[in-house]
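File shown here: upload37.tsv, holding TSV, C-alpha atoms.
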chain	number	residue	atom	x	y	z
S	1	MET	CA	-42.39	-139.18	48.16
S	2	ILE	CA	-40.68	-138.28	44.87
S	3	ASN	CA	-42.75	-136.01	42.65
S	4	LEU	CA	-42.37	-137.69	39.26
S	5	ILE	CA	-43.98	-134.74	37.49
S	6	ASP	CA	-41.49	-132.24	38.95
S	7	ASN	CA	-38.56	-134.47	37.98
S	8	ARG	CA	-39.70	-135.06	34.42
S	9	TYR	CA	-37.43	-133.59	31.74
S	10	LYS	CA	-39.24	-130.80	29.88
S	11	PRO	CA	-37.04	-129.40	27.08
S	12	ASP	CA	-37.94	-126.07	25.47
S	13	TYR	CA	-37.50	-127.53	22.00
S	14	VAL	CA	-37.16	-131.06	20.57
S	15	SER	CA	-36.27	-131.61	16.93
S	16	PRO	CA	-38.03	-134.38	15.02
S	17	PRO	CA	-36.00	-137.62	14.89
S	18	GLY	CA	-36.08	-137.29	11.11
S	19	GLU	CA	-33.48	-134.53	11.37
S	20	THR	CA	-31.10	-137.01	13.00
S	21	ILE	CA	-31.81	-139.53	10.22
S	22	GLU	CA	-31.06	-136.85	7.63
S	23	GLU	CA	-27.72	-136.02	9.30
S	24	ILE	CA	-26.72	-139.70	9.40
S	25	LEU	CA	-27.65	-140.18	5.75
S	26	GLU	CA	-25.47	-137.22	4.84
S	27	GLU	CA	-22.56	-138.68	6.84
S	28	LYS	CA	-22.99	-142.05	5.14
S	29	GLY	CA	-23.51	-140.55	1.68
S	30	MET	CA	-26.86	-142.32	1.45
S	31	THR	CA	-29.99	-140.89	-0.18
S	32	GLN	CA	-33.53	-141.16	1.11
S	33	SER	CA	-34.34	-143.40	-1.87
S	34	GLU	CA	-31.55	-145.80	-0.97
S	35	LEU	CA	-32.67	-145.86	2.68
S	36	ALA	CA	-36.21	-146.63	1.52
S	37	GLU	CA	-34.95	-149.49	-0.64
S	38	ARG	CA	-32.80	-150.96	2.15
S	39	MET	CA	-35.73	-150.78	4.60
S	40	GLY	CA	-38.30	-151.99	2.09
S	41	ARG	CA	-40.44	-148.90	2.73
S	42	PRO	CA	-42.00	-146.40	0.28
S	43	LYS	CA	-39.84	-143.34	-0.35
S	44	LYS	CA	-42.81	-141.14	0.58
S	45	THR	CA	-42.95	-142.74	4.04
S	46	ILE	CA	-39.24	-142.11	4.65
S	47	ASN	CA	-39.63	-138.51	3.50
S	48	GLU	CA	-42.57	-137.96	5.89
S	49	ILE	CA	-40.56	-139.46	8.77
S	50	ILE	CA	-37.65	-137.13	8.05
S	51	LYS	CA	-39.98	-134.12	7.95
S	52	GLY	CA	-41.64	-135.19	11.22
S	53	LYS	CA	-45.01	-135.75	9.57
S	54	ALA	CA	-45.01	-139.51	10.19
S	55	ALA	CA	-44.04	-141.25	13.43
S	56	ILE	CA	-41.28	-143.83	13.83
S	57	THR	CA	-43.05	-147.03	14.85
S	58	PRO	CA	-41.29	-149.80	16.83
S	59	GLU	CA	-41.11	-151.79	13.58
S	60	THR	CA	-39.48	-148.85	11.77
S	61	ALA	CA	-37.03	-148.41	14.66
S	62	LEU	CA	-35.90	-152.03	14.28
S	63	GLN	CA	-35.39	-151.50	10.54
S	64	LEU	CA	-33.36	-148.34	11.20
S	65	GLU	CA	-31.24	-150.31	13.66
S	66	LEU	CA	-30.35	-152.86	10.97
S	67	VAL	CA	-29.69	-150.31	8.22
S	68	LEU	CA	-28.09	-147.40	10.12
S	69	LYS	CA	-26.49	-149.48	12.92
S	70	ILE	CA	-28.07	-147.33	15.65
S	71	PRO	CA	-30.11	-149.17	18.34
S	72	ALA	CA	-33.87	-149.26	17.99
S	73	ASN	CA	-34.36	-147.93	21.51
S	74	PHE	CA	-32.55	-144.73	20.47
S	75	TRP	CA	-35.13	-144.12	17.74
S	76	ASN	CA	-38.03	-145.09	19.96
S	77	ASN	CA	-36.85	-142.69	22.67
S	78	ARG	CA	-36.29	-139.85	20.18
S	79	GLU	CA	-39.77	-140.39	18.75
S	80	GLN	CA	-41.32	-140.46	22.22
S	81	LEU	CA	-39.55	-137.24	23.25
S	82	TYR	CA	-40.65	-135.50	20.08
S	83	ARG	CA	-44.28	-136.59	20.31
S	84	ASP	CA	-44.34	-135.67	23.99
S	85	TYR	CA	-42.98	-132.23	23.07
S	86	LEU	CA	-45.66	-131.76	20.39
S	87	ALA	CA	-48.37	-132.83	22.83
S	88	ARG	CA	-47.11	-130.33	25.41
S	89	GLN	CA	-47.13	-127.58	22.80
S	90	GLU	CA	-50.76	-128.37	22.03
S	91	GLU	CA	-51.57	-128.51	25.72
S	92	ASN	CA	-49.96	-125.10	26.22
S	93	LYS	CA	-52.19	-123.66	23.49
S	94	ARG	CA	-55.24	-125.21	25.14
S	95	LEU	CA	-54.33	-123.99	28.62
S	96	LYS	CA	-53.48	-120.51	27.35
S	97	GLU	CA	-57.12	-120.14	26.37
S	98	LYS	CA	-58.17	-120.98	29.92
S	99	VAL	CA	-55.88	-118.79	32.05
S	100	ALA	CA	-58.84	-116.57	32.97
S	101	TRP	CA	-59.98	-119.52	35.13
S	102	LEU	CA	-57.18	-118.60	37.56
S	103	GLU	CA	-59.41	-115.80	38.82
S	104	LYS	CA	-61.96	-118.38	39.95
S	105	ILE	CA	-59.48	-119.86	42.44
S	106	PRO	CA	-57.73	-117.88	45.23
S	107	TYR	CA	-54.36	-119.10	44.01
S	108	GLN	CA	-52.46	-116.13	45.47
S	109	ALA	CA	-53.69	-117.06	48.94
S	110	MET	CA	-52.80	-120.69	48.23
S	111	ILE	CA	-49.28	-119.62	47.26
S	112	LYS	CA	-48.96	-117.58	50.45
S	113	LEU	CA	-50.00	-120.60	52.52
S	114	GLY	CA	-47.47	-122.79	50.69
S	115	TRP	CA	-50.10	-125.04	49.09
S	116	ILE	CA	-48.82	-124.43	45.56
S	117	ARG	CA	-45.75	-122.90	43.92
S	118	ASN	CA	-45.66	-119.43	42.37
S	119	PHE	CA	-45.09	-119.07	38.62
S	120	ASN	CA	-44.78	-115.84	36.64
S	121	ASN	CA	-46.08	-117.65	33.57
S	122	LYS	CA	-49.88	-117.89	33.72
S	123	VAL	CA	-50.00	-121.18	31.82
S	124	GLU	CA	-47.53	-122.75	34.24
S	125	GLN	CA	-49.54	-121.36	37.17
S	126	LEU	CA	-52.68	-122.90	35.73
S	127	ARG	CA	-50.87	-126.23	35.26
S	128	GLU	CA	-49.73	-126.05	38.91
S	129	LEU	CA	-53.35	-125.59	40.02
S	130	LEU	CA	-54.56	-128.49	37.90
S	131	ASP	CA	-51.83	-130.63	39.45
S	132	PHE	CA	-53.02	-129.56	42.93
S	133	PHE	CA	-56.56	-130.64	42.07
S	134	SER	CA	-55.39	-133.77	40.20
S	135	VAL	CA	-57.47	-132.95	37.12
S	136	ALA	CA	-56.61	-132.36	33.47
S	137	SER	CA	-58.74	-129.27	32.90
S	138	PRO	CA	-60.97	-126.73	34.70
S	139	GLU	CA	-64.00	-128.48	33.20
S	140	ASN	CA	-62.94	-131.76	34.77
S	141	LEU	CA	-62.66	-130.09	38.17
S	142	ARG	CA	-66.16	-128.70	37.88
S	143	ASP	CA	-67.59	-132.05	36.82
S	144	VAL	CA	-65.85	-134.00	39.62
S	145	TRP	CA	-66.97	-131.73	42.44
S	146	GLU	CA	-70.40	-131.07	41.01
S	147	LYS	CA	-71.17	-134.74	41.60
S	148	ARG	CA	-69.63	-134.78	45.07
S	149	LEU	CA	-71.20	-131.56	46.34
S	150	SER	CA	-74.53	-131.98	44.54
S	151	VAL	CA	-74.20	-128.40	43.31
S	152	ASP	CA	-75.14	-127.28	39.82
S	153	PHE	CA	-72.00	-125.39	38.79
S	154	ARG	CA	-73.32	-125.24	35.24
S	155	LYS	CA	-75.67	-122.44	36.23
S	156	SER	CA	-72.69	-120.27	35.21
S	157	GLU	CA	-70.12	-120.80	32.50
S	158	ASN	CA	-67.58	-121.89	35.08
S	159	LEU	CA	-67.06	-122.17	38.82
S	160	ASP	CA	-67.67	-118.91	40.64
S	161	SER	CA	-65.00	-117.68	43.03
S	162	ASP	CA	-66.83	-118.88	46.14
S	163	ASP	CA	-67.12	-122.41	44.74
S	164	GLY	CA	-63.47	-122.37	43.70
S	165	ALA	CA	-62.27	-121.34	47.15
S	166	LEU	CA	-64.37	-124.01	48.85
S	167	ILE	CA	-63.19	-126.77	46.53
S	168	ALA	CA	-59.57	-125.72	47.03
S	169	TRP	CA	-60.05	-125.92	50.81
S	170	LEU	CA	-61.62	-129.37	50.55
S	171	GLN	CA	-58.90	-130.58	48.20
S	172	LYS	CA	-56.20	-129.45	50.63
S	173	GLY	CA	-57.94	-131.52	53.30
S	174	LYS	CA	-57.75	-134.58	51.06
S	175	ILE	CA	-54.07	-133.96	50.37
S	176	GLU	CA	-53.26	-133.68	54.08
S	177	ALA	CA	-55.41	-136.71	54.89
S	178	ALA	CA	-53.46	-138.81	52.40
S	179	LYS	CA	-50.37	-138.31	54.55
S	180	ILE	CA	-52.03	-139.98	57.55
S	181	ASN	CA	-51.98	-143.75	57.92
S	182	CYS	CA	-55.38	-144.63	59.36
S	183	ALA	CA	-56.72	-147.85	60.83
S	184	ASP	CA	-59.98	-149.28	59.48
S	185	TYR	CA	-62.99	-147.31	60.67
S	186	ASP	CA	-64.72	-148.72	63.76
S	187	PRO	CA	-67.83	-146.70	64.78
S	188	TYR	CA	-67.99	-148.27	68.24
S	189	GLN	CA	-64.38	-147.49	69.03
S	190	PHE	CA	-64.78	-144.00	67.58
S	191	LYS	CA	-67.71	-143.23	69.88
S	192	GLU	CA	-65.72	-144.50	72.87
S	193	VAL	CA	-62.71	-142.40	71.89
S	194	LEU	CA	-64.91	-139.31	71.71
S	195	GLN	CA	-65.27	-139.58	75.50
S	196	GLU	CA	-61.48	-139.36	75.81
S	197	ILE	CA	-61.39	-136.47	73.37
S	198	ARG	CA	-64.06	-134.64	75.39
S	199	LEU	CA	-61.68	-134.59	78.37
S	200	LEU	CA	-59.06	-132.90	76.18
S	201	THR	CA	-61.13	-129.70	76.21
S	202	LEU	CA	-59.33	-128.93	79.48
S	203	GLU	CA	-55.93	-129.11	77.78
S	204	SER	CA	-54.11	-126.40	75.83
S	205	PRO	CA	-54.13	-126.49	72.01
S	206	GLU	CA	-50.45	-127.46	72.00
S	207	ILE	CA	-51.47	-130.69	73.71
S	208	PHE	CA	-54.96	-131.53	72.49
S	209	LEU	CA	-54.46	-131.04	68.73
S	210	SER	CA	-51.95	-133.84	68.29
S	211	LYS	CA	-53.84	-136.09	70.70
S	212	ILE	CA	-57.11	-135.65	68.77
S	213	GLN	CA	-55.44	-136.71	65.56
S	214	SER	CA	-53.80	-139.80	67.06
S	215	LEU	CA	-56.98	-140.91	68.86
S	216	CYS	CA	-59.09	-140.47	65.73
S	217	THR	CA	-56.53	-142.28	63.59
S	218	GLU	CA	-56.64	-145.32	65.88
S	219	THR	CA	-60.37	-145.69	65.21
S	220	GLY	CA	-60.14	-145.10	61.45
S	221	VAL	CA	-61.16	-141.43	61.35
S	222	THR	CA	-58.83	-138.89	59.73
S	223	PHE	CA	-58.70	-135.46	61.35
S	224	VAL	CA	-57.06	-132.44	59.69
S	225	LEU	CA	-56.93	-128.69	60.23
S	226	VAL	CA	-56.83	-126.54	57.09
S	227	PRO	CA	-56.86	-122.71	57.11
S	228	GLN	CA	-59.86	-121.23	55.35
S	229	LEU	CA	-59.30	-119.33	52.13
S	230	PRO	CA	-60.87	-115.98	51.22
S	231	LYS	CA	-64.59	-116.37	50.45
S	232	THR	CA	-64.86	-119.89	51.85
S	233	ARG	CA	-66.73	-118.88	55.02
S	234	VAL	CA	-66.42	-122.47	56.17
S	235	GLY	CA	-65.91	-123.75	59.71
S	236	GLY	CA	-65.71	-127.47	59.10
S	237	ALA	CA	-66.61	-130.42	56.93
S	238	ALA	CA	-67.22	-134.14	57.28
S	239	TYR	CA	-67.15	-136.61	54.42
S	240	TRP	CA	-65.79	-140.01	53.40
S	241	LEU	CA	-62.52	-140.16	51.49
S	242	ASN	CA	-63.43	-143.69	50.40
S	243	SER	CA	-65.73	-146.50	51.55
S	244	HIS	CA	-63.76	-147.11	54.75
S	245	THR	CA	-62.19	-143.76	55.80
S	246	PRO	CA	-64.18	-140.76	57.06
S	247	LEU	CA	-62.58	-137.33	57.34
S	248	ILE	CA	-63.20	-134.49	59.80
S	249	GLN	CA	-61.77	-131.22	58.50
S	250	LEU	CA	-61.82	-127.95	60.50
S	251	SER	CA	-60.70	-124.45	59.51
S	252	LEU	CA	-60.52	-122.45	62.78
S	253	ARG	CA	-62.74	-119.83	61.22
S	254	TYR	CA	-63.66	-118.74	64.74
S	255	LYS	CA	-60.51	-118.91	66.81
S	256	THR	CA	-61.89	-119.79	70.25
S	257	ASN	CA	-62.20	-123.16	71.94
S	258	ASP	CA	-66.00	-123.11	72.25
S	259	HIS	CA	-66.37	-122.99	68.46
S	260	PHE	CA	-63.57	-125.46	67.90
S	261	TRP	CA	-65.01	-128.13	70.17
S	262	PHE	CA	-68.59	-127.70	69.03
S	263	ASN	CA	-67.47	-127.91	65.38
S	264	PHE	CA	-65.43	-131.02	66.05
S	265	PHE	CA	-68.27	-132.90	67.77
S	266	HIS	CA	-70.75	-131.64	65.18
S	267	GLU	CA	-68.67	-133.23	62.39
S	268	ALA	CA	-68.19	-136.35	64.51
S	269	GLY	CA	-71.98	-136.52	64.74
S	270	HIS	CA	-72.24	-136.55	60.95
S	271	ILE	CA	-69.77	-139.42	60.76
S	272	LEU	CA	-71.66	-141.50	63.33
S	273	LEU	CA	-75.24	-140.65	62.36
S	274	HIS	CA	-75.28	-140.16	58.61
S	275	GLY	CA	-74.34	-141.92	55.39
S	276	LYS	CA	-71.15	-142.12	53.40
S	277	ARG	CA	-72.29	-140.32	50.26
S	278	ASP	CA	-72.91	-136.82	51.58
S	279	ILE	CA	-70.35	-134.07	52.11
S	280	PHE	CA	-71.37	-131.98	55.10
S	281	ILE	CA	-69.98	-128.44	55.00
S	282	GLU	CA	-70.63	-126.00	57.82
S	283	THR	CA	-70.71	-122.40	56.62
S	284	PHE	CA	-72.58	-120.82	59.56
S	285	GLU	CA	-74.60	-118.76	57.09
S	286	PRO	CA	-78.31	-118.88	58.10
S	287	LYS	CA	-79.46	-118.10	54.57
S	288	GLU	CA	-77.44	-120.99	53.12
S	289	PHE	CA	-78.86	-123.32	55.77
S	290	GLU	CA	-82.43	-122.30	54.95
S	291	GLU	CA	-81.83	-122.93	51.23
S	292	GLN	CA	-80.82	-126.55	51.84
S	293	PRO	CA	-83.33	-129.39	51.31
S	294	LEU	CA	-85.37	-130.29	54.39
S	295	GLU	CA	-83.63	-133.66	54.69
S	296	ARG	CA	-80.28	-131.89	54.75
S	297	GLN	CA	-81.49	-129.41	57.35
S	298	LYS	CA	-82.64	-132.31	59.50
S	299	LYS	CA	-79.20	-133.92	59.37
S	300	GLU	CA	-77.54	-130.65	60.35
S	301	GLN	CA	-79.90	-130.28	63.29
S	302	GLU	CA	-79.15	-133.85	64.35
S	303	ALA	CA	-75.41	-133.14	64.24
S	304	ASN	CA	-75.96	-129.95	66.26
S	305	GLN	CA	-77.91	-131.86	68.88
S	306	PHE	CA	-75.29	-134.59	69.01
S	307	ALA	CA	-72.51	-132.06	69.67
S	308	ALA	CA	-74.51	-130.12	72.26
S	309	ASP	CA	-75.58	-133.24	74.19
S	310	PHE	CA	-72.18	-134.93	73.99
S	311	LEU	CA	-70.41	-131.92	75.46
S	312	ILE	CA	-73.12	-131.09	78.02
S	313	PRO	CA	-75.67	-133.76	78.98
S	314	PRO	CA	-79.22	-132.32	78.53
S	315	ALA	CA	-80.37	-132.99	82.10
S	316	GLU	CA	-77.25	-131.35	83.53
S	317	TRP	CA	-77.77	-128.33	81.28
S	318	GLN	CA	-81.37	-127.80	82.30
S	319	GLU	CA	-80.47	-128.05	85.96
S	320	PHE	CA	-77.66	-125.53	85.49
S	321	LEU	CA	-79.92	-123.02	83.74
S	322	LEU	CA	-82.37	-123.10	86.65
S	323	SER	CA	-79.61	-122.28	89.16
S	324	PHE	CA	-77.47	-119.93	87.04
S	325	SER	CA	-77.21	-116.50	88.71
S	326	GLY	CA	-75.07	-114.84	86.07
S	327	ARG	CA	-71.81	-115.12	88.00
S	328	GLU	CA	-68.50	-116.29	86.60
S	329	TYR	CA	-68.17	-118.68	89.54
S	330	ASP	CA	-71.35	-120.52	88.46
S	331	ILE	CA	-69.82	-121.14	85.04
S	332	THR	CA	-66.42	-122.35	86.24
S	333	ALA	CA	-67.94	-124.57	88.96
S	334	PHE	CA	-70.31	-126.19	86.46
S	335	ALA	CA	-67.47	-126.69	83.97
S	336	ASN	CA	-65.31	-128.29	86.66
S	337	ARG	CA	-68.11	-130.66	87.60
S	338	LEU	CA	-68.55	-131.73	83.97
S	339	LYS	CA	-64.78	-131.84	83.39
S	340	ILE	CA	-64.91	-129.62	80.31
S	341	ALA	CA	-63.52	-126.18	79.45
S	342	SER	CA	-65.37	-123.15	80.86
S	343	GLY	CA	-65.34	-121.52	77.44
S	344	ILE	CA	-67.69	-124.22	76.14
S	345	ILE	CA	-70.25	-123.27	78.79
S	346	VAL	CA	-69.88	-119.59	77.91
S	347	GLY	CA	-70.36	-120.30	74.20
S	348	ARG	CA	-73.52	-122.32	74.88
S	349	LEU	CA	-74.96	-119.58	77.13
S	350	GLN	CA	-74.24	-116.97	74.46
S	351	TYR	CA	-75.74	-119.11	71.70
S	352	GLU	CA	-78.95	-119.60	73.67
S	353	LYS	CA	-79.00	-115.85	74.45
S	354	VAL	CA	-78.74	-116.39	78.19
S	355	LEU	CA	-75.60	-114.24	78.02
S	356	HIS	CA	-74.68	-111.38	75.72
S	357	TYR	CA	-71.90	-112.27	73.25
S	358	SER	CA	-69.57	-109.79	74.98
S	359	HIS	CA	-69.85	-111.41	78.42
S	360	PHE	CA	-67.27	-113.74	80.01
S	361	ASN	CA	-65.19	-114.12	76.86
S	362	GLN	CA	-62.12	-114.14	79.08
S	363	LEU	CA	-63.07	-117.72	79.94
S	364	LYS	CA	-62.67	-118.78	76.33
S	365	GLN	CA	-59.33	-120.05	75.10
S	366	LYS	CA	-57.94	-118.66	71.86
S	367	ILE	CA	-56.56	-120.98	69.21
S	368	ASN	CA	-54.39	-119.63	66.41
S	369	TRP	CA	-52.29	-121.04	63.61
S	370	ASN	CA	-49.03	-120.06	65.34
S	371	ILE	CA	-49.90	-122.43	68.16
S	372	ILE	CA	-50.75	-125.16	65.67
S	373	SER	CA	-47.51	-124.68	63.74
S	374	ASP	CA	-45.48	-124.97	66.92
S	375	SER	CA	-47.34	-128.01	68.29
Write out the structure in this file as structure tokens.
Amino acid sequence: MINLIDNRYKPDYVSPPGETIEEILEEKGMTQSELAERMGRPKKTINEIIKGKAAITPETALQLELVLKIPANFWNNREQLYRDYLARQEENKRLKEKVAWLEKIPYQAMIKLGWIRNFNNKVEQLRELLDFFSVASPENLRDVWEKRLSVDFRKSENLDSDDGALIAWLQKGKIEAAKINCADYDPYQFKEVLQEIRLLTLESPEIFLSKIQSLCTETGVTFVLVPQLPKTRVGGAAYWLNSHTPLIQLSLRYKTNDHFWFNFFHEAGHILLHGKRDIFIETFEPKEFEEQPLERQKKEQEANQFAADFLIPPAEWQEFLLSFSGREYDITAFANRLKIASGIIVGRLQYEKVLHYSHFNQLKQKINWNIISDS
């Protein structure tokens, strides 16, 4: 897709079209008074046009065409370029007063990841960030996401750095999602496809990552992986891009397959069980969970239960716990019977404190961004 903003001509200086009129009058030996008479306009108006204080209207451009024999579209274009230049000068002044806002967004990390371009000029860097967020000002960004996240950003004068990092991560998910052509969402098909995706836990990341995305896309769900930024502390998110397209976004905060698969099915649970208005963000911070409204906590618990039960049926899990002797063989045999990765069993045992977090980690599969880039 062509970036029309990048390809737009942005001159460093544009003279007012009145200067061109003045040059032509000098060439023709015509005074401003004579031009005013020939155009049937007040001399004061012509003088203000020449000084750049008054704009050349389409009607004036047609009159200049008749009198000076230069096409009206030339004057209209010159006027438009000049007014655009003046507007950009004013915008630069406005943005210059807001460059401190750059510190609220981890833009250096975003540059390193290739999300945005690097500019030495702070105003241009700020404009690049606003373009990334598709907003006209930092205030607009705060207002837009305050409504979506149900967070009162106005408790401070501006976004704090944690909020800024999170919003940047979410915005990158939206940008990547826009590149994916999704079918219309079908909850029944999506739930059926989740059974196919569950079997992919036995595959390597090079194989399962692309397959997850294609399977989700067929049922109308967009799936993207976006690296977390400093201070985001986010593992995943689920929300609706619009009324007919849900998004599952993961960060690989914890780079092992047990976390990856639980996070994926947790977000899938939100899509299937909960409404379209909420944005569900998993931070894995107990304090943040406890501070959420009770209704929100309930939805998170429901998504947790959905993921746990979908990966390991409850009856099978209880039976396994009764027979588990603490051996690696018990874990791998149970995983083989369920046709899921052994690392998922290890993660569940560690979470429920049946195993110490240092035990049997060799059964977990590591997932890193190098693998993703190569797949």
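Ranking S:Leu229, S:Ala72, S:Met39, S:Val14 by their shortest atom-to-atom distance to Tyr85 of chain S, with only C-alpha atoms included, puts S:Val14 first.
Restricting the calculation to only C-alpha atoms, the smallest distance between Gln318 of chain S and any of S:Tyr82, S:Leu349, S:Ala178, S:Tyr188 is found for S:Leu349.
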Restricting the calculation to all atoms listed in the file, which member of S:Ala307, S:Leu209, S:Leu241, S:Leu294 is positioned closest to His266 of chain S?
S:Ala307
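All residues of protein, DNA or RNA that reach within 12 Å of Glu352 of chain S, judged by only C-alpha atoms and not counting those fewer than 4 positions away in the chain, are Ala308, Trp317, Leu321, Ile345, Val346, Gly347, Arg348, His356 and Tyr357 of chain S.
Nearest to Arg148 of chain S of all the residues S:Glu22, S:Asp278, S:Glu97, S:Glu124 is S:Asp278, counting all atoms listed in the file.
Closest approach to Glu139 of chain S from the set S:Tyr107, S:Lys98, S:Ile24, S:Gln213 is made by S:Lys98, with distances taken over only C-alpha atoms.
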